[in-house]
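Have a look at the structure below before the remarks.
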Amino acid sequence: MYASLFRHVLFPLYETRLRGRETLTRLQELERSQWRSEADLRELSFRRVVEAIRYAEQHVPLYRRRFADHGVRARDVQSPDDLLRFPVLTKSDIRKHGKELIAEGFHGKMYQSGTGGSTGEPIQFSYDHRTYESRIAAAMRADGWAGASPGERELHIWSRATTPETPLRKAKRRAHETILRKRMICAWELGQDQLADLCDTIEDFQPRVIISYPTPLYHLSRYALEKGRRLPSPRGIVTSAERLFQHHREVIERAFDAKIFDRYGCREVMLIASECERHEGKHLNLENVHVEIVRSGRHAGAGEPGEVILTDLNCRSMPLIRYKNEDVATLAPKPCSCGRGMPMLSSVEGRMLDMIVGPEGQLLAGEFFPHLLKDYRDVARFQVHQDKSRAITIKLMPNEGLAAETPARVERSMREFLGERASIKVEVVDDIPLTKGGKYRLTVSEVPVDLEREATA
Ligand SMILES: [Zn+2]
């Protein structure tokens with residue numbers, strides 16, 4: 001009853017009347033466009049990318065200058081391959097030339113956001129109201145695939161550190177959470193007491209959908225399974241913001257007896273791709289973000305990992321055109337059986353920075369380290385660091401006492417992949433700090449990765 005009242009009356013009133021947002025209109029458009037054919041949607045995305053380039057050329061000083069330097073013009077773009085001649089925007093460009101990326105004559109409310117750059121230096125970017133609405137709508141569409149419906153109970157679990165709230169902010173947040181029926185939980189500490197409390201909260205709240213970073217949910221699920229605690233099954237579990245590993249998925253799905261709907265995004269453009277109810281890969285959010293996967297200076301074919309190059313199709317205040325977010329991903333060879341037209345990513349290999357390079361140029365990416373360490377019950381967390389000389393340090397944080405032979409065993413299994421020449425050191429540490437955004441970084445590498453030269457191991 002509440003859900004129905006919420007969907008038809010309270011939420012439209014809140015979004016459309018009180019806050020003057022077009023979010024629901026955008027959502028309706030996206031709900032319709034997802035069923036268009038792949039060819040139609042690719043055409044739409046391409047048309048919008050050309051519009052974004054044309055706008056940038058006319059209104060944004062940095063692009064105007066760079067396009068001229070490269071001898072490229074929006075009006076010369078005839079096919080998606082012509083985009084390859086346009087310069088790529090890097091994190092360092094944003095840091096150095098942020099002011100030149102703001103569109104001339106743009107008036108209107110701007111939202112500020114930021115993220116860590118490749119060397120850990122933060123970058124700042126801003127987006128406008130229209131972009132904000134489109135991003136919320138895209139997230140709502142993907143929430144819907146996972147069984148969410150506005151006004152039904154949603155539990156959000158994050159590991160982000162929260163700054164102290166003023167009483168007014170706290171009251172506002174509580175009111176917001178009550179009206180939207182969302183419960184936000186910060187799972188910063190993952191000790192036994194906190195995990196027991198979190199199980200209680202979930203039992204009590206009975207969420208329809210859970211939205212979480214994979215790591216805290218994985219720890220919670222492992223705890224629940226070990227203690228034999230039965231958790232109520234939500235309709236779906238949405239994971240995002242960190243890479244989800246296969247063994248995470250298996251453990252979480254078993255503990256909740258529910259399916260995971262994993263997502264891929266970044267703070268600069270938000271949602272990039274998300275799983276639907278068929279779980280065959282991730283559908284690109286290509287009505288909002290134009291995605292290129294580039295390898296050796298050309299667009300990669302299906303099954304070939306390449307660099308992710310993004311163009312935000314809505315943002316006119318500070319347009320991001322052919323922005324390289326430093327991730328590597330792979331397009332799927334075939335469409336999803338659900339019938340939605342958005343093409344699919346088969347995998348997201350993750351940040352190029354997080355890949356470890358062996359002495360023979362072997363690239364250890366993605367699943368490798370969690371897979372290697374998942375059966376060590378005495379390791380609570382780990383982090384792999386590679387410095388510029390390619391020396392590797394593996395930090396192990398024990399889980400109530402570390403078996404004496406564990407460090408040597410870990411080193412031996414790494415050598416099977418990297419060989420005897422690799423410099424590998426294992427350190428036992430008390431703590432592994434999270435990133436500023438509250439994420440677990442499993443690998444940190446200072447070695448630049450060249451996808452064209454190195455073979456993916
Ligand atoms: Zn699908």
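Identifiers in the structure tokens: chain A, B, ... in order shown; residue index from 1 per chain; ligand index from 1 in order shown.
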List as JSON lines every residue of chain A that is in contact with ligand 1, defined as an atom at most 8 Å from one of its atoms (using only C-alpha atoms and all ligand atoms), together with the nearest atom pair and the distance in Å rounded to one decimal, sorted by chain and then rising number.
```
{"residue": "A:Glu275", "atom": "CA", "partner": "ligand 1", "partner_atom_place_in_ligand_line": "1 (Zn)", "distance": 6.8}
{"residue": "A:Cys276", "atom": "CA", "partner": "ligand 1", "partner_atom_place_in_ligand_line": "1 (Zn)", "distance": 4.7}
{"residue": "A:Glu277", "atom": "CA", "partner": "ligand 1", "partner_atom_place_in_ligand_line": "1 (Zn)", "distance": 6.5}
{"residue": "A:Arg278", "atom": "CA", "partner": "ligand 1", "partner_atom_place_in_ligand_line": "1 (Zn)", "distance": 5.5}
{"residue": "A:His279", "atom": "CA", "partner": "ligand 1", "partner_atom_place_in_ligand_line": "1 (Zn)", "distance": 7.0}
{"residue": "A:Glu280", "atom": "CA", "partner": "ligand 1", "partner_atom_place_in_ligand_line": "1 (Zn)", "distance": 6.8}
{"residue": "A:Gly281", "atom": "CA", "partner": "ligand 1", "partner_atom_place_in_ligand_line": "1 (Zn)", "distance": 7.6}
{"residue": "A:Lys282", "atom": "CA", "partner": "ligand 1", "partner_atom_place_in_ligand_line": "1 (Zn)", "distance": 7.5}
{"residue": "A:His283", "atom": "CA", "partner": "ligand 1", "partner_atom_place_in_ligand_line": "1 (Zn)", "distance": 6.5}
{"residue": "A:Pro335", "atom": "CA", "partner": "ligand 1", "partner_atom_place_in_ligand_line": "1 (Zn)", "distance": 7.8}
{"residue": "A:Cys336", "atom": "CA", "partner": "ligand 1", "partner_atom_place_in_ligand_line": "1 (Zn)", "distance": 4.5}
{"residue": "A:Ser337", "atom": "CA", "partner": "ligand 1", "partner_atom_place_in_ligand_line": "1 (Zn)", "distance": 6.0}
{"residue": "A:Cys338", "atom": "CA", "partner": "ligand 1", "partner_atom_place_in_ligand_line": "1 (Zn)", "distance": 4.3}
{"residue": "A:Gly339", "atom": "CA", "partner": "ligand 1", "partner_atom_place_in_ligand_line": "1 (Zn)", "distance": 6.4}
{"residue": "A:Arg340", "atom": "CA", "partner": "ligand 1", "partner_atom_place_in_ligand_line": "1 (Zn)", "distance": 5.7}
```
_What's around Leu284 (chain A) at 7 Å? Count only C-alpha atoms, leave out sequence neighbours fewer than 6 positions away in its own chain, and write the answer as a ChimeraX atom specification._
/A:272-274,342-345
Worksheet item: Which residues, written as a list in words, have at least one atom at most 10 Å from Arg415 (chain A), with only C-alpha atoms counted and residues fewer than 6 positions away on the same chain left out?
Response: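 Contacts, in chain order: Gly358, Arg409, Arg421, Ala422, Ser423 and Ile424 of chain A.
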Correct to one decimal, the distance CA of Ser346 (chain A)-CA of Lys334 (chain A) is 9.2 Å
Run DSSP on the backbone and tell me which residues of region 242-443 of chain A come out as helix (DSSP H, G or I); list them as a ChimeraX atom specification.
/A:246-256,352-354,368-373,406-418
Limited to N, CA and C atoms, could you put the picked residues into a file as an mmCIF file, in the first residue's frame?
```
data_model
loop_
_atom_site.group_PDB
_atom_site.id
_atom_site.type_symbol
_atom_site.label_atom_id
_atom_site.label_comp_id
_atom_site.auth_asym_id
_atom_site.auth_seq_id
_atom_site.Cartn_x
_atom_site.Cartn_y
_atom_site.Cartn_z
ATOM 1 N N GLN A 246 34.430 -13.464 -8.573
ATOM 2 C CA GLN A 246 33.539 -14.614 -8.686
ATOM 3 C C GLN A 246 33.276 -15.288 -7.335
ATOM 4 N N HIS A 247 34.317 -15.423 -6.516
ATOM 5 C CA HIS A 247 34.075 -16.092 -5.223
ATOM 6 C C HIS A 247 33.254 -15.207 -4.284
ATOM 7 N N HIS A 248 33.341 -13.854 -4.463
ATOM 8 C CA HIS A 248 32.457 -12.961 -3.697
ATOM 9 C C HIS A 248 31.001 -13.262 -4.071
ATOM 10 N N ARG A 249 30.784 -13.315 -5.384
ATOM 11 C CA ARG A 249 29.422 -13.533 -5.875
ATOM 12 C C ARG A 249 28.857 -14.834 -5.324
ATOM 13 N N GLU A 250 29.647 -15.900 -5.377
ATOM 14 C CA GLU A 250 29.143 -17.199 -4.929
ATOM 15 C C GLU A 250 28.749 -17.174 -3.454
ATOM 16 N N VAL A 251 29.636 -16.582 -2.631
ATOM 17 C CA VAL A 251 29.382 -16.574 -1.185
ATOM 18 C C VAL A 251 28.164 -15.689 -0.853
ATOM 19 N N ILE A 252 28.095 -14.498 -1.459
ATOM 20 C CA ILE A 252 26.989 -13.573 -1.160
ATOM 21 C C ILE A 252 25.654 -14.182 -1.611
ATOM 22 N N GLU A 253 25.637 -14.760 -2.812
ATOM 23 C CA GLU A 253 24.377 -15.330 -3.329
ATOM 24 C C GLU A 253 23.921 -16.508 -2.462
ATOM 25 N N ARG A 254 24.892 -17.262 -1.944
ATOM 26 C CA ARG A 254 24.536 -18.402 -1.089
ATOM 27 C C ARG A 254 23.960 -17.900 0.251
ATOM 28 N N ALA A 255 24.611 -16.897 0.835
ATOM 29 C CA ALA A 255 24.170 -16.416 2.157
ATOM 30 C C ALA A 255 22.770 -15.808 2.094
ATOM 31 N N PHE A 256 22.446 -15.121 0.994
ATOM 32 C CA PHE A 256 21.147 -14.439 0.910
ATOM 33 C C PHE A 256 20.128 -15.205 0.081
ATOM 34 N N MET A 352 43.832 -0.049 -14.956
ATOM 35 C CA MET A 352 45.141 -0.399 -15.505
ATOM 36 C C MET A 352 46.209 -0.273 -14.442
ATOM 37 N N LEU A 353 45.990 0.697 -13.537
ATOM 38 C CA LEU A 353 46.972 0.931 -12.484
ATOM 39 C C LEU A 353 47.074 -0.240 -11.535
ATOM 40 N N ASP A 354 46.029 -1.042 -11.496
ATOM 41 C CA ASP A 354 45.989 -2.116 -10.515
ATOM 42 C C ASP A 354 46.554 -3.420 -11.068
ATOM 43 N N PHE A 368 43.109 -12.426 -10.385
ATOM 44 C CA PHE A 368 44.239 -13.240 -9.987
ATOM 45 C C PHE A 368 44.492 -13.285 -8.478
ATOM 46 N N PHE A 369 44.710 -12.131 -7.846
ATOM 47 C CA PHE A 369 45.134 -12.164 -6.447
ATOM 48 C C PHE A 369 44.053 -12.640 -5.480
ATOM 49 N N PRO A 370 42.822 -12.141 -5.613
ATOM 50 C CA PRO A 370 41.780 -12.667 -4.721
ATOM 51 C C PRO A 370 41.616 -14.169 -4.896
ATOM 52 N N HIS A 371 41.790 -14.644 -6.130
ATOM 53 C CA HIS A 371 41.659 -16.058 -6.400
ATOM 54 C C HIS A 371 42.778 -16.831 -5.699
ATOM 55 N N LEU A 372 43.962 -16.260 -5.784
ATOM 56 C CA LEU A 372 45.131 -16.891 -5.162
ATOM 57 C C LEU A 372 44.964 -16.984 -3.645
ATOM 58 N N LEU A 373 44.360 -15.948 -3.050
ATOM 59 C CA LEU A 373 44.366 -15.853 -1.587
ATOM 60 C C LEU A 373 43.050 -16.261 -0.923
ATOM 61 N N THR A 406 52.224 -19.555 6.138
ATOM 62 C CA THR A 406 51.441 -18.820 5.132
ATOM 63 C C THR A 406 52.272 -17.882 4.245
ATOM 64 N N PRO A 407 53.132 -16.990 4.824
ATOM 65 C CA PRO A 407 53.867 -16.079 3.941
ATOM 66 C C PRO A 407 54.673 -16.820 2.860
ATOM 67 N N ALA A 408 55.352 -17.889 3.241
ATOM 68 C CA ALA A 408 56.166 -18.629 2.261
ATOM 69 C C ALA A 408 55.284 -19.307 1.209
ATOM 70 N N ARG A 409 54.121 -19.817 1.636
ATOM 71 C CA ARG A 409 53.218 -20.465 0.668
ATOM 72 C C ARG A 409 52.694 -19.464 -0.348
ATOM 73 N N VAL A 410 52.339 -18.247 0.148
ATOM 74 C CA VAL A 410 51.830 -17.204 -0.748
ATOM 75 C C VAL A 410 52.906 -16.845 -1.770
ATOM 76 N N GLU A 411 54.132 -16.677 -1.285
ATOM 77 C CA GLU A 411 55.222 -16.315 -2.198
ATOM 78 C C GLU A 411 55.416 -17.413 -3.256
ATOM 79 N N ARG A 412 55.398 -18.669 -2.808
ATOM 80 C CA ARG A 412 55.590 -19.779 -3.755
ATOM 81 C C ARG A 412 54.518 -19.792 -4.840
ATOM 82 N N SER A 413 53.258 -19.585 -4.430
ATOM 83 C CA SER A 413 52.206 -19.645 -5.467
ATOM 84 C C SER A 413 52.317 -18.475 -6.436
ATOM 85 N N MET A 414 52.808 -17.325 -5.956
ATOM 86 C CA MET A 414 52.999 -16.203 -6.890
ATOM 87 C C MET A 414 54.100 -16.503 -7.889
ATOM 88 N N ARG A 415 55.129 -17.178 -7.417
ATOM 89 C CA ARG A 415 56.262 -17.498 -8.314
ATOM 90 C C ARG A 415 55.854 -18.454 -9.438
ATOM 91 N N GLU A 416 54.842 -19.267 -9.172
ATOM 92 C CA GLU A 416 54.378 -20.161 -10.239
ATOM 93 C C GLU A 416 53.941 -19.362 -11.464
ATOM 94 N N PHE A 417 53.430 -18.146 -11.217
ATOM 95 C CA PHE A 417 52.948 -17.326 -12.327
ATOM 96 C C PHE A 417 53.984 -16.323 -12.803
ATOM 97 N N LEU A 418 54.811 -15.838 -11.878
ATOM 98 C CA LEU A 418 55.724 -14.743 -12.240
ATOM 99 C C LEU A 418 57.161 -15.214 -12.442
#
```
| message | Please identify the strand (DSSP E) residues within region 100-344 of chain A (assignment by DSSP from backbone atoms) and present them as a PyMOL selection string. | response | chain A and resi 110-116+122-128+154-158+182-186+209-212+236-239+260-266+270-274+282-284+289-295+298-299+306-312+323-331+344
Restricting the output to C-alpha atoms, write the selected residues as a CSV table (one decimal), in the first residue's frame.
```csv
chain,number,residue,atom,x,y,z
A,110,MET,CA,26.5,23.2,-11.0
A,111,TYR,CA,27.2,20.2,-8.8
A,112,GLN,CA,30.8,19.5,-7.8
A,113,SER,CA,32.4,16.1,-7.6
A,114,GLY,CA,35.9,14.7,-7.4
A,115,THR,CA,38.0,11.6,-7.5
A,116,GLY,CA,41.5,10.5,-7.0
A,122,PRO,CA,42.4,14.5,-6.6
A,123,ILE,CA,40.7,15.9,-9.7
A,124,GLN,CA,37.6,18.0,-9.6
A,125,PHE,CA,34.8,18.2,-12.0
A,126,SER,CA,31.3,19.7,-12.2
A,127,TYR,CA,28.1,18.7,-13.8
A,128,ASP,CA,24.7,20.4,-14.3
A,154,GLU,CA,16.2,-0.5,0.3
A,155,LEU,CA,19.3,-1.2,2.4
A,156,HIS,CA,22.5,0.5,1.4
A,157,ILE,CA,25.8,-0.8,2.8
A,158,TRP,CA,28.9,1.2,2.3
A,182,LYS,CA,16.0,3.7,2.5
A,183,ARG,CA,18.3,2.6,5.3
A,184,MET,CA,22.0,3.6,5.0
A,185,ILE,CA,24.6,1.6,6.9
A,186,CYS,CA,28.3,2.3,7.0
A,209,VAL,CA,16.8,-4.7,-2.4
A,210,ILE,CA,20.3,-4.5,-1.0
A,211,ILE,CA,22.8,-2.1,-2.5
A,212,SER,CA,26.4,-2.5,-1.4
A,236,GLY,CA,18.0,-8.6,-5.7
A,237,ILE,CA,21.4,-7.4,-4.5
A,238,VAL,CA,23.2,-4.6,-6.3
A,239,THR,CA,26.9,-4.4,-6.0
A,260,ILE,CA,23.6,-10.3,-7.5
A,261,PHE,CA,23.2,-7.5,-10.1
A,262,ASP,CA,26.7,-6.1,-10.5
A,263,ARG,CA,27.4,-2.7,-11.9
A,264,TYR,CA,30.2,-0.8,-13.4
A,265,GLY,CA,30.6,3.0,-13.2
A,266,CYS,CA,33.0,5.8,-12.2
A,270,MET,CA,28.5,7.5,-12.8
A,271,LEU,CA,26.7,4.4,-14.3
A,272,ILE,CA,28.5,2.9,-17.3
A,273,ALA,CA,27.0,-0.6,-17.4
A,274,SER,CA,24.8,-2.9,-15.4
A,282,LYS,CA,26.6,-5.8,-18.3
A,283,HIS,CA,24.4,-3.6,-20.5
A,284,LEU,CA,26.0,-0.3,-21.5
A,289,VAL,CA,27.4,7.6,-21.9
A,290,HIS,CA,29.1,6.8,-25.2
A,291,VAL,CA,31.6,4.0,-24.6
A,292,GLU,CA,34.6,3.2,-26.7
A,293,ILE,CA,36.9,0.2,-26.0
A,294,VAL,CA,40.3,1.1,-27.6
A,295,ARG,CA,43.3,-1.1,-28.3
A,298,ARG,CA,41.6,1.1,-33.0
A,299,HIS,CA,38.2,0.1,-31.6
A,306,GLY,CA,40.9,-2.4,-24.3
A,307,GLU,CA,41.0,0.9,-22.6
A,308,VAL,CA,37.7,2.5,-21.7
A,309,ILE,CA,37.1,5.9,-23.3
A,310,LEU,CA,33.9,7.7,-22.2
A,311,THR,CA,31.9,10.6,-23.5
A,312,ASP,CA,29.1,12.0,-21.3
A,323,TYR,CA,37.7,10.7,-21.4
A,324,LYS,CA,40.1,7.9,-20.4
A,325,ASN,CA,39.2,6.7,-17.0
A,326,GLU,CA,42.2,4.3,-16.9
A,327,ASP,CA,40.1,1.1,-16.7
A,328,VAL,CA,40.3,-1.9,-19.0
A,329,ALA,CA,37.1,-3.7,-20.2
A,330,THR,CA,36.0,-6.2,-22.8
A,331,LEU,CA,32.9,-6.1,-25.1
A,344,MET,CA,27.1,-5.7,-23.4
```
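Of the listed residues (A:Arg441, A:Lys259, A:Arg229, A:Arg48), A:Arg229 comes nearest to Asp197 (chain A); the distances count only C-alpha atoms.
Using only C-alpha atoms, the nearest neighbour of His129 (chain A) within the list A:Pro216, A:Gly108, A:Ala103, A:Arg169 is A:Gly108.
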Query raised in the report: Excluding same-chain residues fewer than 4 positions from Leu27 (chain A), what lies within 10 Å of it counting only C-alpha atoms, as number ranges by chain?
Result: A: 22-23, 31-33, 133-141
Which of A:Ala68, A:Lys374, A:Pro87, A:Leu313 sits closest to Tyr218 (chain A) [using only C-alpha atoms] =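 For Tyr218 (chain A), the nearest of the given residues is A:Lys374.
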As a check of understanding: the span from CA of Glu287 (chain A) to CA of Leu83 (chain A) is 17.4 Å
re CA of Glu57 (chain A) and CA of Glu38 (chain A): distance 28.4 Å
